[in-house]
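Asker: As input, take my_file22.cif (mmCIF, C-alpha atoms):
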data_coords
#
loop_
_atom_site.group_PDB
_atom_site.id
_atom_site.type_symbol
_atom_site.label_atom_id
_atom_site.label_comp_id
_atom_site.auth_asym_id
_atom_site.auth_seq_id
_atom_site.Cartn_x
_atom_site.Cartn_y
_atom_site.Cartn_z
ATOM 1 C CA MET A 1 124.135 84.271 143.931
ATOM 2 C CA ASN A 2 127.623 84.194 145.491
ATOM 3 C CA ASN A 3 128.302 80.578 144.501
ATOM 4 C CA PHE A 4 127.176 80.870 140.877
ATOM 5 C CA THR A 5 129.559 79.020 138.500
ATOM 6 C CA PRO A 6 128.079 79.525 135.014
ATOM 7 C CA VAL A 7 131.054 78.395 132.901
ATOM 8 C CA SER A 8 131.721 75.058 134.624
ATOM 9 C CA ALA A 9 127.957 74.467 134.778
ATOM 10 C CA LEU A 10 127.566 74.932 131.018
ATOM 11 C CA VAL A 11 130.673 72.872 130.196
ATOM 12 C CA GLY A 12 129.475 70.073 132.493
ATOM 13 C CA GLY A 13 125.986 70.278 131.004
ATOM 14 C CA VAL A 14 127.304 69.970 127.449
ATOM 15 C CA LEU A 15 129.407 66.927 128.470
ATOM 16 C CA ILE A 16 126.259 65.314 129.887
ATOM 17 C CA GLY A 17 124.468 66.154 126.631
ATOM 18 C CA LEU A 18 127.341 64.595 124.681
ATOM 19 C CA SER A 19 127.010 61.436 126.793
ATOM 20 C CA ALA A 20 123.258 61.214 126.177
ATOM 21 C CA SER A 21 123.770 61.840 122.445
ATOM 22 C CA LEU A 22 126.449 59.165 122.116
ATOM 23 C CA LEU A 23 124.398 56.535 123.952
ATOM 24 C CA LEU A 24 121.295 57.229 121.833
ATOM 25 C CA TRP A 25 123.141 57.485 118.506
ATOM 26 C CA VAL A 26 125.366 54.412 118.920
ATOM 27 C CA ASN A 27 123.405 52.158 121.302
ATOM 28 C CA GLY A 28 119.869 53.452 120.806
ATOM 29 C CA ARG A 29 119.490 53.847 124.565
ATOM 30 C CA ILE A 30 118.291 56.624 126.834
ATOM 31 C CA ALA A 31 120.956 57.846 129.284
ATOM 32 C CA GLY A 32 118.614 57.959 132.266
ATOM 33 C CA VAL A 33 120.512 56.853 135.327
ATOM 34 C CA SER A 34 117.533 55.512 137.307
ATOM 35 C CA GLY A 35 116.377 53.570 134.240
ATOM 36 C CA VAL A 36 119.844 52.179 133.510
ATOM 37 C CA LEU A 37 120.161 51.117 137.150
ATOM 38 C CA GLY A 38 116.578 49.867 137.454
ATOM 39 C CA GLY A 39 117.055 47.597 134.454
ATOM 40 C CA LEU A 40 119.587 45.645 136.499
ATOM 41 C CA LEU A 41 117.032 44.728 139.176
ATOM 42 C CA PRO A 42 114.993 41.998 137.460
ATOM 43 C CA PRO A 43 117.646 40.037 135.565
ATOM 44 C CA ARG A 44 117.284 40.282 131.820
ATOM 45 C CA ALA A 45 119.595 38.329 129.551
ATOM 46 C CA GLY A 46 121.726 40.428 127.240
ATOM 47 C CA GLU A 47 120.829 43.763 128.799
ATOM 48 C CA GLN A 48 123.170 43.769 131.762
ATOM 49 C CA THR A 49 126.535 44.497 130.178
ATOM 50 C CA TRP A 50 125.908 47.943 128.712
ATOM 51 C CA ARG A 51 124.141 49.035 131.899
ATOM 52 C CA LEU A 52 127.009 47.959 134.140
ATOM 53 C CA LEU A 53 129.576 49.564 131.830
ATOM 54 C CA PHE A 54 127.660 52.851 131.705
ATOM 55 C CA LEU A 55 127.410 52.966 135.508
ATOM 56 C CA ALA A 56 131.081 51.985 135.882
ATOM 57 C CA GLY A 57 131.960 54.830 133.514
ATOM 58 C CA LEU A 58 129.923 57.228 135.630
ATOM 59 C CA VAL A 59 131.951 56.284 138.700
ATOM 60 C CA LEU A 60 135.295 56.322 136.830
ATOM 61 C CA GLY A 61 134.536 59.621 135.100
ATOM 62 C CA ALA A 62 133.653 61.520 138.271
ATOM 63 C CA GLY A 63 136.425 59.953 140.375
ATOM 64 C CA GLY A 64 138.998 60.206 137.580
ATOM 65 C CA TYR A 65 138.259 63.872 136.902
ATOM 66 C CA LEU A 66 138.690 64.838 140.551
ATOM 67 C CA ALA A 67 141.873 62.753 140.883
ATOM 68 C CA LEU A 68 143.513 63.975 137.654
ATOM 69 C CA THR A 69 142.728 67.641 138.241
ATOM 70 C CA GLY A 70 143.563 67.499 141.949
ATOM 71 C CA THR A 71 140.102 68.816 142.815
ATOM 72 C CA PRO A 72 139.204 68.124 146.453
ATOM 73 C CA ALA A 73 136.373 65.594 146.743
ATOM 74 C CA PRO A 74 133.140 67.246 147.903
ATOM 75 C CA ILE A 75 132.664 65.351 151.157
ATOM 76 C CA ARG A 76 129.955 66.633 153.489
ATOM 77 C CA GLN A 77 130.463 66.015 157.205
ATOM 78 C CA GLY A 78 127.850 65.263 159.800
ATOM 79 C CA PHE A 79 124.721 64.940 157.636
ATOM 80 C CA PRO A 80 122.323 62.638 159.546
ATOM 81 C CA VAL A 81 122.460 59.034 158.326
ATOM 82 C CA PRO A 82 118.699 58.433 158.870
ATOM 83 C CA LEU A 83 118.017 61.304 156.452
ATOM 84 C CA LEU A 84 120.376 59.755 153.865
ATOM 85 C CA LEU A 85 118.476 56.467 154.180
ATOM 86 C CA LEU A 86 115.091 58.196 153.878
ATOM 87 C CA ALA A 87 116.284 60.288 150.909
ATOM 88 C CA GLY A 88 117.649 57.217 149.129
ATOM 89 C CA PHE A 89 114.497 55.213 149.711
ATOM 90 C CA LEU A 90 112.191 57.972 148.430
ATOM 91 C CA THR A 91 114.453 58.610 145.435
ATOM 92 C CA GLY A 92 114.475 54.938 144.447
ATOM 93 C CA PHE A 93 110.736 54.547 144.959
ATOM 94 C CA GLY A 94 109.802 57.825 143.260
ATOM 95 C CA THR A 95 112.074 57.522 140.220
ATOM 96 C CA THR A 96 110.865 53.964 139.601
ATOM 97 C CA ARG A 97 107.257 55.118 139.917
ATOM 98 C CA ALA A 98 107.839 58.085 137.587
ATOM 99 C CA ASN A 99 110.041 56.001 135.242
ATOM 100 C CA GLY A 100 112.855 58.507 135.340
ATOM 101 C CA CYS A 101 114.953 61.018 137.210
ATOM 102 C CA THR A 102 116.907 64.192 136.456
ATOM 103 C CA SER A 103 118.757 62.576 133.556
ATOM 104 C CA GLY A 104 116.004 60.437 132.025
ATOM 105 C CA HIS A 105 113.188 62.980 132.239
ATOM 106 C CA GLY A 106 115.183 66.166 132.822
ATOM 107 C CA VAL A 107 117.840 65.771 130.123
ATOM 108 C CA CYS A 108 116.761 63.089 127.633
ATOM 109 C CA GLY A 109 112.992 63.556 127.963
ATOM 110 C CA LEU A 110 113.119 67.314 127.488
ATOM 111 C CA ALA A 111 115.556 66.843 124.585
ATOM 112 C CA ARG A 112 112.977 64.532 122.960
ATOM 113 C CA LEU A 113 110.356 67.260 123.550
ATOM 114 C CA SER A 114 108.292 64.856 125.700
ATOM 115 C CA LEU A 115 105.431 66.562 127.544
ATOM 116 C CA ARG A 116 105.368 63.670 130.013
ATOM 117 C CA SER A 117 108.996 64.393 130.908
ATOM 118 C CA LEU A 118 108.252 68.108 131.113
ATOM 119 C CA ALA A 119 105.499 67.410 133.653
ATOM 120 C CA ALA A 120 107.927 65.340 135.731
ATOM 121 C CA THR A 121 110.710 67.920 135.393
ATOM 122 C CA VAL A 122 108.457 70.684 136.678
ATOM 123 C CA THR A 123 107.259 68.523 139.572
ATOM 124 C CA PHE A 124 110.387 67.078 141.162
ATOM 125 C CA PRO A 125 112.478 70.254 141.486
ATOM 126 C CA GLY A 126 109.406 72.127 142.726
ATOM 127 C CA VAL A 127 108.753 69.559 145.455
ATOM 128 C CA ALA A 128 112.490 69.378 146.205
ATOM 129 C CA MET A 129 112.616 73.154 146.728
ATOM 130 C CA VAL A 130 109.737 73.005 149.211
ATOM 131 C CA THR A 131 111.396 70.042 150.979
ATOM 132 C CA THR A 132 114.757 71.808 151.246
ATOM 133 C CA TYR A 133 113.030 74.935 152.573
ATOM 134 C CA VAL A 134 111.153 73.015 155.250
ATOM 135 C CA LEU A 135 114.191 70.987 156.280
ATOM 136 C CA ARG A 136 116.651 73.899 156.414
ATOM 137 C CA HIS A 137 114.542 76.818 157.484
ATOM 138 C CA VAL A 138 111.681 75.230 159.468
ATOM 139 C CA ALA A 139 113.298 72.129 160.976
ATOM 140 C CA GLY A 140 116.797 73.663 160.964
ATOM 141 C CA VAL A 141 118.625 70.620 159.550
ATOM 142 C CA GLY A 142 121.807 70.993 157.497
ATOM 143 C CA ALA A 143 121.609 74.739 156.841
ATOM 144 C CA MET B 144 125.261 40.267 116.836
ATOM 145 C CA SER B 145 128.942 39.730 116.195
ATOM 146 C CA LEU B 146 131.575 39.741 118.902
ATOM 147 C CA GLN B 147 133.045 42.911 117.453
ATOM 148 C CA GLN B 148 129.664 44.635 117.694
ATOM 149 C CA SER B 149 129.225 43.550 121.316
ATOM 150 C CA VAL B 150 132.621 44.922 122.222
ATOM 151 C CA LEU B 151 131.967 48.228 120.452
ATOM 152 C CA ARG B 152 128.588 48.503 122.131
ATOM 153 C CA GLY B 153 130.127 47.995 125.550
ATOM 154 C CA ALA B 154 132.910 50.463 124.774
ATOM 155 C CA SER B 155 130.433 53.103 123.716
ATOM 156 C CA SER B 156 128.383 52.605 126.919
ATOM 157 C CA LEU B 157 131.534 52.950 128.980
ATOM 158 C CA VAL B 158 132.618 56.123 127.148
ATOM 159 C CA ALA B 159 129.112 57.591 127.536
ATOM 160 C CA GLY B 160 129.234 56.822 131.259
ATOM 161 C CA VAL B 161 132.667 58.421 131.616
ATOM 162 C CA LEU B 162 131.507 61.575 129.795
ATOM 163 C CA PHE B 163 128.470 61.756 132.072
ATOM 164 C CA GLY B 164 130.606 61.328 135.189
ATOM 165 C CA VAL B 165 133.139 63.946 134.062
ATOM 166 C CA GLY B 166 130.276 66.319 133.244
ATOM 167 C CA LEU B 167 128.778 65.911 136.720
ATOM 168 C CA ALA B 168 132.179 66.451 138.357
ATOM 169 C CA VAL B 169 133.060 69.501 136.207
ATOM 170 C CA ALA B 170 129.688 71.064 137.024
ATOM 171 C CA GLN B 171 130.110 70.180 140.734
ATOM 172 C CA MET B 172 126.827 68.287 140.672
ATOM 173 C CA THR B 173 128.478 65.560 142.768
ATOM 174 C CA ASP B 174 128.544 68.092 145.620
ATOM 175 C CA PRO B 175 125.232 67.875 147.499
ATOM 176 C CA ALA B 176 125.895 71.297 149.036
ATOM 177 C CA LYS B 177 126.019 72.800 145.529
ATOM 178 C CA VAL B 178 122.759 71.075 144.576
ATOM 179 C CA LEU B 179 121.030 72.173 147.790
ATOM 180 C CA GLY B 180 122.304 75.692 147.041
ATOM 181 C CA PHE B 181 120.082 75.565 143.960
ATOM 182 C CA LEU B 182 117.129 73.946 145.719
ATOM 183 C CA ASP B 183 117.272 76.420 148.623
ATOM 184 C CA VAL B 184 115.666 79.353 146.840
ATOM 185 C CA THR B 185 115.353 81.409 150.009
ATOM 186 C CA GLY B 186 119.043 81.056 150.874
ATOM 187 C CA ALA B 187 122.053 82.297 148.869
ATOM 188 C CA TRP B 188 120.474 80.931 145.692
ATOM 189 C CA ASP B 189 122.888 79.298 143.238
ATOM 190 C CA ALA B 190 121.383 79.000 139.741
ATOM 191 C CA SER B 191 124.246 76.850 138.371
ATOM 192 C CA LEU B 192 122.135 73.673 138.192
ATOM 193 C CA LEU B 193 119.775 75.389 135.745
ATOM 194 C CA LEU B 194 122.685 75.981 133.376
ATOM 195 C CA VAL B 195 123.859 72.361 133.725
ATOM 196 C CA LEU B 196 120.404 71.113 132.822
ATOM 197 C CA GLY B 197 119.942 73.792 130.151
ATOM 198 C CA GLY B 198 123.300 73.049 128.535
ATOM 199 C CA ALA B 199 122.603 69.309 128.522
ATOM 200 C CA VAL B 200 119.067 69.698 127.148
ATOM 201 C CA VAL B 201 119.929 72.166 124.365
ATOM 202 C CA PHE B 202 122.929 70.129 123.209
ATOM 203 C CA SER B 203 120.996 66.838 123.355
ATOM 204 C CA ALA B 204 117.925 68.276 121.649
ATOM 205 C CA ALA B 205 120.054 69.455 118.718
ATOM 206 C CA VAL B 206 121.729 66.051 118.329
ATOM 207 C CA PHE B 207 118.607 63.943 119.096
ATOM 208 C CA GLY B 208 116.743 65.740 116.302
ATOM 209 C CA TRP B 209 119.246 64.322 113.847
ATOM 210 C CA VAL B 210 119.796 60.935 115.551
ATOM 211 C CA LEU B 211 116.103 60.052 115.743
ATOM 212 C CA HIS B 212 115.745 60.648 112.001
ATOM 213 C CA GLN B 213 118.251 57.864 111.338
ATOM 214 C CA PRO B 214 116.698 54.491 110.487
ATOM 215 C CA ALA B 215 118.435 52.826 113.461
ATOM 216 C CA PRO B 216 121.216 53.418 115.960
ATOM 217 C CA VAL B 217 124.730 52.504 114.837
ATOM 218 C CA LEU B 218 124.939 49.285 116.880
ATOM 219 C CA ASP B 219 121.355 48.168 117.417
ATOM 220 C CA GLU B 220 118.367 47.289 115.296
ATOM 221 C CA HIS B 221 116.103 49.974 116.737
ATOM 222 C CA PHE B 222 115.936 52.816 119.228
ATOM 223 C CA HIS B 223 114.808 51.838 122.730
ATOM 224 C CA LEU B 224 112.529 54.750 123.566
ATOM 225 C CA PRO B 225 109.961 55.172 126.345
ATOM 226 C CA LYS B 226 106.545 54.010 125.190
ATOM 227 C CA SER B 227 104.399 55.957 127.602
ATOM 228 C CA ALA B 228 103.329 59.536 126.958
ATOM 229 C CA ALA B 229 100.804 59.560 129.814
ATOM 230 C CA ILE B 230 100.780 62.446 132.255
ATOM 231 C CA ASP B 231 98.963 60.661 135.064
ATOM 232 C CA ALA B 232 98.816 60.381 138.836
ATOM 233 C CA ARG B 233 101.515 57.730 138.816
ATOM 234 C CA LEU B 234 103.988 60.017 137.033
ATOM 235 C CA ILE B 235 103.264 63.075 139.160
ATOM 236 C CA SER B 236 103.213 61.212 142.480
ATOM 237 C CA GLY B 237 106.448 59.436 141.574
ATOM 238 C CA ALA B 238 108.143 62.688 140.589
ATOM 239 C CA ALA B 239 106.887 64.333 143.801
ATOM 240 C CA ILE B 240 108.170 61.478 146.000
ATOM 241 C CA PHE B 241 111.519 61.665 144.210
ATOM 242 C CA GLY B 242 111.482 65.437 144.780
ATOM 243 C CA VAL B 243 111.171 64.929 148.535
ATOM 244 C CA GLY B 244 114.158 62.565 148.466
ATOM 245 C CA TRP B 245 116.210 64.946 146.316
ATOM 246 C CA GLY B 246 115.356 67.914 148.508
ATOM 247 C CA ILE B 247 116.333 66.121 151.724
ATOM 248 C CA ALA B 248 119.904 65.158 150.878
ATOM 249 C CA GLY B 249 120.752 66.799 147.533
ATOM 250 C CA TYR B 250 121.363 63.595 145.585
ATOM 251 C CA CYS B 251 119.603 62.461 142.446
ATOM 252 C CA PRO B 252 120.590 58.976 141.201
ATOM 253 C CA GLY B 253 123.398 60.031 138.805
ATOM 254 C CA PRO B 254 125.480 62.016 141.285
ATOM 255 C CA ALA B 255 124.806 59.445 144.026
ATOM 256 C CA ILE B 256 126.370 56.695 141.899
ATOM 257 C CA ALA B 257 129.124 58.956 140.506
ATOM 258 C CA SER B 258 130.207 59.894 144.024
ATOM 259 C CA LEU B 259 131.287 56.296 144.611
ATOM 260 C CA GLY B 260 134.230 57.402 142.432
ATOM 261 C CA PHE B 261 135.666 59.368 145.334
ATOM 262 C CA ALA B 262 134.523 56.933 148.034
ATOM 263 C CA ASN B 263 131.812 59.235 149.364
ATOM 264 C CA SER B 264 130.531 57.453 152.458
ATOM 265 C CA GLU B 265 127.124 59.178 152.172
ATOM 266 C CA ALA B 266 126.522 57.238 148.957
ATOM 267 C CA LEU B 267 127.129 53.986 150.827
ATOM 268 C CA TRP B 268 124.057 54.752 152.963
ATOM 269 C CA LEU B 269 121.932 56.367 150.299
ATOM 270 C CA LEU B 270 122.388 53.902 147.418
ATOM 271 C CA PRO B 271 121.288 50.688 149.178
ATOM 272 C CA ALA B 272 118.204 52.557 150.408
ATOM 273 C CA LEU B 273 117.606 53.738 146.835
ATOM 274 C CA LEU B 274 117.696 50.142 145.585
ATOM 275 C CA VAL B 275 115.251 49.076 148.309
ATOM 276 C CA GLY B 276 112.856 51.877 147.277
ATOM 277 C CA ALA B 277 113.123 50.922 143.607
ATOM 278 C CA ALA B 278 112.586 47.233 144.382
ATOM 279 C CA LEU B 279 109.554 48.035 146.548
ATOM 280 C CA GLN B 280 107.863 49.997 143.743
ATOM 281 C CA ARG B 281 108.541 47.127 141.341
ATOM 282 C CA TRP B 282 107.131 44.649 143.833
ATOM 283 C CA ILE B 283 103.964 46.727 144.262
ATOM 284 C CA ASP B 284 103.660 46.961 140.481
ATOM 285 C CA GLN B 285 103.421 43.201 140.207
ATOM 286 C CA PHE B 286 99.985 43.466 141.804
ATOM 287 C CA ASP B 287 98.748 46.826 140.523
ATOM 288 C CA HIS B 288 100.141 47.322 137.066
ATOM 289 C CA PRO B 289 101.685 44.126 135.780
ATOM 290 C CA ARG B 290 102.110 45.532 132.284
ATOM 291 C CA ALA B 291 103.417 48.912 133.343
ATOM 292 C CA ALA B 292 105.998 47.416 135.627
ATOM 293 C CA TRP B 293 107.449 44.572 133.687
ATOM 294 C CA GLN B 294 107.087 45.667 130.117
ATOM 295 C CA THR B 295 107.460 49.398 129.854
ATOM 296 C CA THR B 296 109.748 50.064 132.785
ATOM 297 C CA SER B 297 112.776 48.246 131.487
ATOM 298 C CA LEU B 298 112.748 50.259 128.292
ATOM 299 C CA ASP B 299 111.588 53.475 129.860
ATOM 300 C CA VAL B 300 113.773 56.402 130.799
#
What does this structure look like when you write it as structure tokens?
Answerer:
Amino acid sequence: MNNFTPVSALVGGVLIGLSASLLLWVNGRIAGVSGVLGGLLPPRAGEQTWRLLFLAGLVLGAGGYLALTGTPAPIRQGFPVPLLLLAGFLTGFGTTRANGCTSGHGVCGLARLSLRSLAATVTFPGVAMVTTYVLRHVAGVGA
Amino acid sequence: MSLQQSVLRGASSLVAGVLFGVGLAVAQMTDPAKVLGFLDVTGAWDASLLLVLGGAVVFSAAVFGWVLHQPAPVLDEHFHLPKSAAIDARLISGAAIFGVGWGIAGYCPGPAIASLGFANSEALWLLPALLVGAALQRWIDQFDHPRAAWQTTSLDV
């Protein structure tokens, strides 16, 4: 547990909760990133603007925080590009199939006490843990 | 909807996005090494991600309880909530496939997009592939589940 950062984790978590609360209270929308992004794929009149602005805010917020606080950007070197492509493809396919990701099911779904989201939120980290184990400790990639 | 309402709606989306992005950056969730430190339970396990999720869920649950008892959101006529409550093979297989992707590289969709904010070149590979995966599932849905794909998905989480 040598990298455990409980305070910044809780502060960051509460900020994410604040974001989800604001978007639901004011706009009536779920702050699920895969859903917000996925809604841009088949064009729907009148639904594009808030999605694009939310995603732009996500980029500005993360980049702006690092820039303003002088925090070094977490850039990983040498991770295999084919694995990035595979990971991206599976993430896009899987989150569309499950109608949600860490934010939609993990944050907003659990906060709505949805059993469907609970089932998803038990499944994807569990499978991810097995995947990371196999990749790092069996195949020896990226450890 | 008036022009003023449209502007306020957009502003609130932008502010929500910024808060989300700052939260991810503060919690170091934009660092795939940090995320993999949580997923790698047999390594030097880092439980931070649990506290990020826990903090977000507890805060949101407290506020959602009040928000969802309001007749409508501030700037819309109704809440856009997921319609499905089904725990079925589609949900579990989708979550499992996503889990494989997450476990490979350490990116879920939020941090992948947020990391464009510091020109992370990994995101430039991962995100187009993510869009291809999402588009493929939608394309398949046209044949298998026309209702599921085109009606519930857009309003789902």
Asker: Run the PyMOL selection byres ((chain B and resi 198-201) around 10) against the file shown and list the residues it catches, as JSON, numbers by chain.
Answerer: {"A": [9, 10, 11, 12, 13, 14, 15, 16, 17, 18, 19, 20, 21, 103, 106, 107, 108, 109, 110, 111, 112, 113], "B": [166, 192, 193, 194, 195, 196, 197, 202, 203, 204, 205, 206, 207]}
Asker: Output the residue selection produced by the PyMOL selection byres ((chain A and resi 92) around 6) on the file above, formatted as a list in words.
Answerer: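 Applying the PyMOL selection byres ((chain A and resi 92) around 6) to the structure shown produces Phe89, Leu90, Thr91, Phe93, Gly94 and Thr95 of chain A; Leu273, Leu274, Gly276 and Ala277 of chain B.
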Asker: Would you save the residues of that selection, restricted to C-alpha atoms, as a short mmCIF file (atom, residue, chain, number, x, y, z; two decimals), in the coordinates of the input?
Answerer:
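Ended up saving to selection02.cif:
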data_model
loop_
_atom_site.label_atom_id
_atom_site.label_comp_id
_atom_site.auth_asym_id
_atom_site.auth_seq_id
_atom_site.Cartn_x
_atom_site.Cartn_y
_atom_site.Cartn_z
CA PHE A 89 114.50 55.21 149.71
CA LEU A 90 112.19 57.97 148.43
CA THR A 91 114.45 58.61 145.44
CA PHE A 93 110.74 54.55 144.96
CA GLY A 94 109.80 57.82 143.26
CA THR A 95 112.07 57.52 140.22
CA LEU B 273 117.61 53.74 146.84
CA LEU B 274 117.70 50.14 145.58
CA GLY B 276 112.86 51.88 147.28
CA ALA B 277 113.12 50.92 143.61
#
Asker: What is the atom CA of Ala159 of chain B to atom CA of Phe54 of chain A distance in Å?
Answerer: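 It comes out at 6.5 Å.
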Asker: Could you check how far atom CA of Leu60 of chain A sits from atom CA of Val33 of chain A, in Å to one decimal?
Answerer: 14.9 Å
Asker: Using only C-alpha atoms, can you tell me which of A:Leu23, A:Val59, A:Leu115, A:Val122 comes closest to Ser227 of chain B?
Answerer: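 When distances to Ser227 of chain B are compared using only C-alpha atoms, the smallest one comes from A:Leu115.
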Asker: Translate the PyMOL selection byres ((chain B and resi 228) around 10) into a concrete residue list for this structure, as a list in words.
Answerer: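 Evaluating the PyMOL selection byres ((chain B and resi 228) around 10) on this file yields Ser114, Leu115, Arg116 and Ser117 of chain A; Pro225, Lys226, Ser227, Ala229, Ile230 and Asp231 of chain B.
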Asker: List the spatial neighbours of Phe4 of chain A as a count of residues only - criterion: any atom at most 9 Å away, only C-alpha atoms, same-chain residues fewer than 4 positions off excluded.
Answerer: 5
